[in-house]
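K.L.:
Below: one structure in structure tokens.
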Amino acid sequence: MKILKLKEVDSTHTYLKEYIKNINEFEPVCIVANLQTNGVGSRGNSWSGVEGNLFFSFAFKKEQLTDDLPLQSCSIYFSYLLKIILKNKGSNVWIKWPNDFYINNKKIGGTITTISNDIVLCGIGLNLKFVNNEFGKLDINIDIDKTLQDYFNKIKNKTSWKQIFSDFKVEFQNSRKFHVTINNKKKSLEKAILNSDGSINIDKKKVFSLR
């Protein structure tokens with residue numbers, strides 16, 4: 001994995017897209033920034049945070065990911081893999097469907113995934129430092145370089161979707177006391193049904209997690 005480190009960028013995700021457009025031959029790549037001023041979040045929202053938080057975006061070809069991964073649920077997959085890494089380091093972080101990192105009842109980060117032809121791009125923002133009272137922060141100190149190394153090794157080892165989903169479906173119970181925004185409307189997850197492909201049935205509609 002090629003890792004490019006930036007001091008400051010408007011959005012690691014936008015930078016990554018432009019970077020890929022301008023290279024002759026694709027290789028897995030990650031963009032990491034110490035400060036992100038206009039990060040891309042779900043539904044067109046921004047996720048910027050403060051200097052010293054974790055902002056990174058990366059890209060793989062579809063063929064480099066596990067064969068059983070439903071591409072519409074990449075956000076769940078990539079989020080949960082990082083959650084495993086952080087949990088192994090002592091964190092109590094959990095994943096709220098479909099793409100948010102939480103400590104207790106406060107959001108500390110999120111994931112956005114886009115697909116362009118045969119390339120999957122994922123951006124993750126995670127609060128390592130206090131931002132404001134609305135959001136929380138990671139409950140452990142981490143070495144960013146080592147954490148990313150462990151994370152990308154897990155992706156390259158092609159951890160199966162089946163393995164990830166078996167754990168995520170248990171953790172999904174934590175999401176039931178929260179809401180999710182669907183078509184610009186807040187919907188309770190209390191009675192949502194989680195499907196094996198990572199989608200949910202809510203109000204008689206099937207909704208996927210791709211953001």
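If you're wondering about the labels, chains in the structure tokens are A, B, ... by order shown, residues count from 1 in each chain, ligands from 1 in order shown.
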Among chain A, which ones does DSSP place in strand (DSSP E), written as a PyMOL selection string?
P.N.:
chain A and resi 2-9+29-36+54-61+94-96+100-103+106-116+119-126+179-182+185-188+193-194+200-202+205-207
K.L.:
Using only C-alpha atoms, which residues sit within 9 Å of Asp197 (chain A) once same-chain residues fewer than 4 positions away are excluded, as a list of chain:residue names?
P.N.:
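What passes the distance filter is A:Leu69, A:Pro70, A:Gln72, A:Ser73, A:Trp161, A:Phe165, A:Phe208.
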K.L.:
Could you list, as an MDAnalysis selection string, every residue within 6 Å of region 95-102 of chain A, counting only C-alpha atoms and ignoring same-chain residues fewer than 3 positions away?
P.N.:
chainID A and resid 75:76 106:111 175 209
K.L.:
Identify which of the residues A:Phe178, A:Asp145, A:Ser166, A:Thr14 lies closest to Thr113 (chain A), counting only C-alpha atoms when measuring atom-to-atom distances.
P.N.:
A:Thr14
K.L.:
Can you tell me, as a list in words, which residues in region 96-167 of chain A count as alpha helix (DSSP H) by DSSP?
P.N.:
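Alpha helix (DSSP H) assignments inside region 96-167 of chain A correspond to Ile144, Asp145, Lys146, Thr147, Leu148, Gln149, Asp150, Tyr151, Phe152, Asn153, Lys154, Ile155, Lys156, Trp161, Lys162, Gln163, Ile164, Phe165, Ser166 and Asp167 of chain A.
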K.L.:
Convert the current residue selection to file output with N, CA and C atoms, as a PDB file, in the first residue's frame.
P.N.:
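Saved as part.pdb:
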```pdb
ATOM      1  N   ILE A 144      -0.771   6.293  14.641  1.00  0.00           N
ATOM      2  CA  ILE A 144      -1.490   6.297  13.367  1.00  0.00           C
ATOM      3  C   ILE A 144      -0.809   5.408  12.336  1.00  0.00           C
ATOM      4  N   ASP A 145       0.503   5.503  12.201  1.00  0.00           N
ATOM      5  CA  ASP A 145       1.219   4.707  11.205  1.00  0.00           C
ATOM      6  C   ASP A 145       1.027   3.214  11.440  1.00  0.00           C
ATOM      7  N   LYS A 146       1.161   2.786  12.696  1.00  0.00           N
ATOM      8  CA  LYS A 146       1.010   1.354  13.018  1.00  0.00           C
ATOM      9  C   LYS A 146      -0.434   0.911  12.824  1.00  0.00           C
ATOM     10  N   THR A 147      -1.380   1.765  13.185  1.00  0.00           N
ATOM     11  CA  THR A 147      -2.796   1.424  13.031  1.00  0.00           C
ATOM     12  C   THR A 147      -3.148   1.238  11.564  1.00  0.00           C
ATOM     13  N   LEU A 148      -2.675   2.129  10.709  1.00  0.00           N
ATOM     14  CA  LEU A 148      -2.947   2.009   9.273  1.00  0.00           C
ATOM     15  C   LEU A 148      -2.282   0.773   8.692  1.00  0.00           C
ATOM     16  N   GLN A 149      -1.068   0.482   9.144  1.00  0.00           N
ATOM     17  CA  GLN A 149      -0.378  -0.721   8.674  1.00  0.00           C
ATOM     18  C   GLN A 149      -1.179  -1.972   9.022  1.00  0.00           C
ATOM     19  N   ASP A 150      -1.646  -2.064  10.259  1.00  0.00           N
ATOM     20  CA  ASP A 150      -2.454  -3.211  10.693  1.00  0.00           C
ATOM     21  C   ASP A 150      -3.759  -3.281   9.897  1.00  0.00           C
ATOM     22  N   TYR A 151      -4.339  -2.120   9.658  1.00  0.00           N
ATOM     23  CA  TYR A 151      -5.623  -2.048   8.959  1.00  0.00           C
ATOM     24  C   TYR A 151      -5.504  -2.542   7.520  1.00  0.00           C
ATOM     25  N   PHE A 152      -4.523  -2.043   6.806  1.00  0.00           N
ATOM     26  CA  PHE A 152      -4.389  -2.436   5.404  1.00  0.00           C
ATOM     27  C   PHE A 152      -3.932  -3.884   5.256  1.00  0.00           C
ATOM     28  N   ASN A 153      -3.188  -4.383   6.222  1.00  0.00           N
ATOM     29  CA  ASN A 153      -2.850  -5.809   6.216  1.00  0.00           C
ATOM     30  C   ASN A 153      -4.107  -6.660   6.329  1.00  0.00           C
ATOM     31  N   LYS A 154      -5.049  -6.204   7.144  1.00  0.00           N
ATOM     32  CA  LYS A 154      -6.300  -6.947   7.328  1.00  0.00           C
ATOM     33  C   LYS A 154      -7.115  -6.947   6.039  1.00  0.00           C
ATOM     34  N   ILE A 155      -7.138  -5.804   5.351  1.00  0.00           N
ATOM     35  CA  ILE A 155      -7.857  -5.744   4.076  1.00  0.00           C
ATOM     36  C   ILE A 155      -7.182  -6.641   3.045  1.00  0.00           C
ATOM     37  N   LYS A 156      -5.862  -6.559   2.947  1.00  0.00           N
ATOM     38  CA  LYS A 156      -5.130  -7.344   1.943  1.00  0.00           C
ATOM     39  C   LYS A 156      -5.192  -8.842   2.228  1.00  0.00           C
ATOM     40  N   TRP A 161     -16.391 -11.274   4.226  1.00  0.00           N
ATOM     41  CA  TRP A 161     -17.609 -10.568   4.628  1.00  0.00           C
ATOM     42  C   TRP A 161     -18.402 -11.425   5.612  1.00  0.00           C
ATOM     43  N   LYS A 162     -18.436 -12.741   5.381  1.00  0.00           N
ATOM     44  CA  LYS A 162     -19.179 -13.647   6.257  1.00  0.00           C
ATOM     45  C   LYS A 162     -18.685 -13.528   7.692  1.00  0.00           C
ATOM     46  N   GLN A 163     -17.375 -13.469   7.856  1.00  0.00           N
ATOM     47  CA  GLN A 163     -16.784 -13.358   9.196  1.00  0.00           C
ATOM     48  C   GLN A 163     -17.138 -12.018   9.832  1.00  0.00           C
ATOM     49  N   ILE A 164     -17.022 -10.942   9.046  1.00  0.00           N
ATOM     50  CA  ILE A 164     -17.331  -9.606   9.560  1.00  0.00           C
ATOM     51  C   ILE A 164     -18.810  -9.505   9.913  1.00  0.00           C
ATOM     52  N   PHE A 165     -19.667  -9.988   9.032  1.00  0.00           N
ATOM     53  CA  PHE A 165     -21.103  -9.833   9.237  1.00  0.00           C
ATOM     54  C   PHE A 165     -21.585 -10.613  10.459  1.00  0.00           C
ATOM     55  N   SER A 166     -20.994 -11.772  10.728  1.00  0.00           N
ATOM     56  CA  SER A 166     -21.429 -12.568  11.874  1.00  0.00           C
ATOM     57  C   SER A 166     -21.259 -11.802  13.176  1.00  0.00           C
ATOM     58  N   ASP A 167     -20.227 -10.956  13.247  1.00  0.00           N
ATOM     59  CA  ASP A 167     -20.001 -10.127  14.435  1.00  0.00           C
ATOM     60  C   ASP A 167     -20.845  -8.854  14.381  1.00  0.00           C
TER      61      ASP A 167
END
```
K.L.:
Just how far from CA of Cys30 (chain A) is CA of Ser196 (chain A), in Å to one decimal?
P.N.:
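It comes out at 29.0 Å.
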K.L.:
Quick one: of A:Trp94, A:Ile142, A:Lys137, A:Glu63, who's nearest to Val170 (chain A), counting only C-alpha atoms?
P.N.:
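That would be A:Trp94, the residue with the smallest distance to Val170 (chain A).
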K.L.:
Nearest residue to Gly198 (chain A) out of A:Phe172, A:Lys83, A:Glu8, A:Asn92, using only C-alpha atoms?
P.N.:
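Looking at the shortest contact to Gly198 (chain A), the residue is A:Phe172.
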K.L.:
Give the answer as one residue: which of A:Ser79, A:Ser91, A:Asp139, A:Ala59 has the shortest atom-to-atom distance to Ile115 (chain A), using only C-alpha atoms?
P.N.:
A:Ala59
K.L.:
So how far away is CA of Lys205 (chain A) from CA of Leu189 (chain A), in Å?
P.N.:
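Answer for the CA of Leu189 (chain A) to CA of Lys205 (chain A) separation: 12.7 Å.
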K.L.:
Under the rule that only C-alpha atoms are counted, which of A:Val207, A:Tyr80, A:Thr159, A:Thr181 is the nearest residue to Asp68 (chain A)?
P.N.:
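Looking only at the distances to Asp68 (chain A), the closest residue turns out to be A:Thr159.
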K.L.:
CA of Leu138 (chain A) and CA of Glu51 (chain A) are how many Å apart?
P.N.:
14.6 Å
